[in-house]
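I have placed the structure first, in the form of structure tokens, so that the comments after it can refer back to it.
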Amino acid sequence: MPTTSAISSVEDKKRLVRRLAGDGRGFAERYGFRVTNNPSQLFQVLYLSVLLARRGDFHKAVDAATGLRDAGWDSAARLARSLHADRVHVLRAAGQRGDVDALAATLGDLAQNVVDAYRGDLRRLRTEAHQDPARERRLLTALPGVDDEVADLFLREAQAVWREVAPVADRRALAAARRLGLGRSADDLAGLAGSGESERLAWLVGALARVDLEKRYAELTA
């Protein structure tokens, strides 16, 4: 793999940040999943995060999440009411491989737990945690199928509306940031996005994750 030249000057870094965050969309919104403080949309971002954490082509993860939503399972309550066999069918049709039966079961359990614990509304999880980021993460990772990587992916997007959790950057975004010379931590990226700019930070880290997944380094440093 060719080496990417890291950007060193502050002005060049700021210019690249403006370019990356300039379209005003994070990772989820780039692929058609709106990020607002709405129960259905938050839950869609959560199951998108579960699917993205699986190894393999990330496009198939996006296709699977889109398939679940297009099947009418756009909220925790609706997904919880879905049949296991129907979930398997949608996931396979979207190109999911491996133990799809287990994945379908996990997604069903996730939905049912969100319904049982939070009446289908992840904003209630936030309220229960008293908007404390560490407690929010603990409650998230207590849900079926949600480990630390899934929590990172979800909070990467949710920080646009749950400002208290910022700064969050997942491993893909940090890999791109290091390679491009933008920093080595979520705090470094927050400094470039601007103080208190959690929405802009969400756009930036989402864009960086796309750069790493899509291997678009060359076009950014040419």
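The chains in the structure tokens are called A, B, ... from first to last as shown; in each chain the residues are counted from 1, and the ligands are counted from 1 in the order shown.
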
Query raised in the report: So which residues touch range 205-217 of chain A within 9 Å, counting only C-alpha atoms, skipping near sequence neighbours fewer than 5 positions away, as a count of residues only?
Result: 28

Query raised in the report: Can you list every residue in chain A that DSSP puts in helix (DSSP H, G or I), as a VMD selection string?
Result: chain A and resid 10 to 21 27 to 30 39 to 52 58 to 70 76 to 81 84 to 93 100 to 118 122 to 128 133 to 141 148 to 158 163 to 165 171 to 180 186 to 193 198 to 214 217 to 221

Query raised in the report: Mind pulling up the distance from CA of Asp63 in chain A to CA of Arg34 in chain A?
Result: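 Calculated distance between CA of Arg34 in chain A and CA of Asp63 in chain A is 15.2 Å.
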
**Report entry** Atomic distance CA of Leu143 in chain A - CA of Ala160 in chain A, expressed in Å with one decimal
**Finding:**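 Rounded to one decimal, the two atoms are 21.7 Å apart.
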
Query raised in the report: Near range 100-106 of chain A, counting only C-alpha atoms, which residues have an atom at most 12 Å away, once you skip same-chain residues fewer than 5 positions from it, shown as a PyMOL selection string?
Result: chain A and resi 47+50-51+53-54+61+64-65+68+79-80+82-95+111-113+143-146

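Each of A:Ala151, A:Leu42, A:Ala202, A:Ala190 was compared to Arg124 in chain A using only C-alpha atoms, and A:Leu42 turns out to be the nearest.
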
Query raised in the report: To one decimal place, how far is CA of Ser185 in chain A from CA of Arg126 in chain A in Å?
Result: 24.4 Å
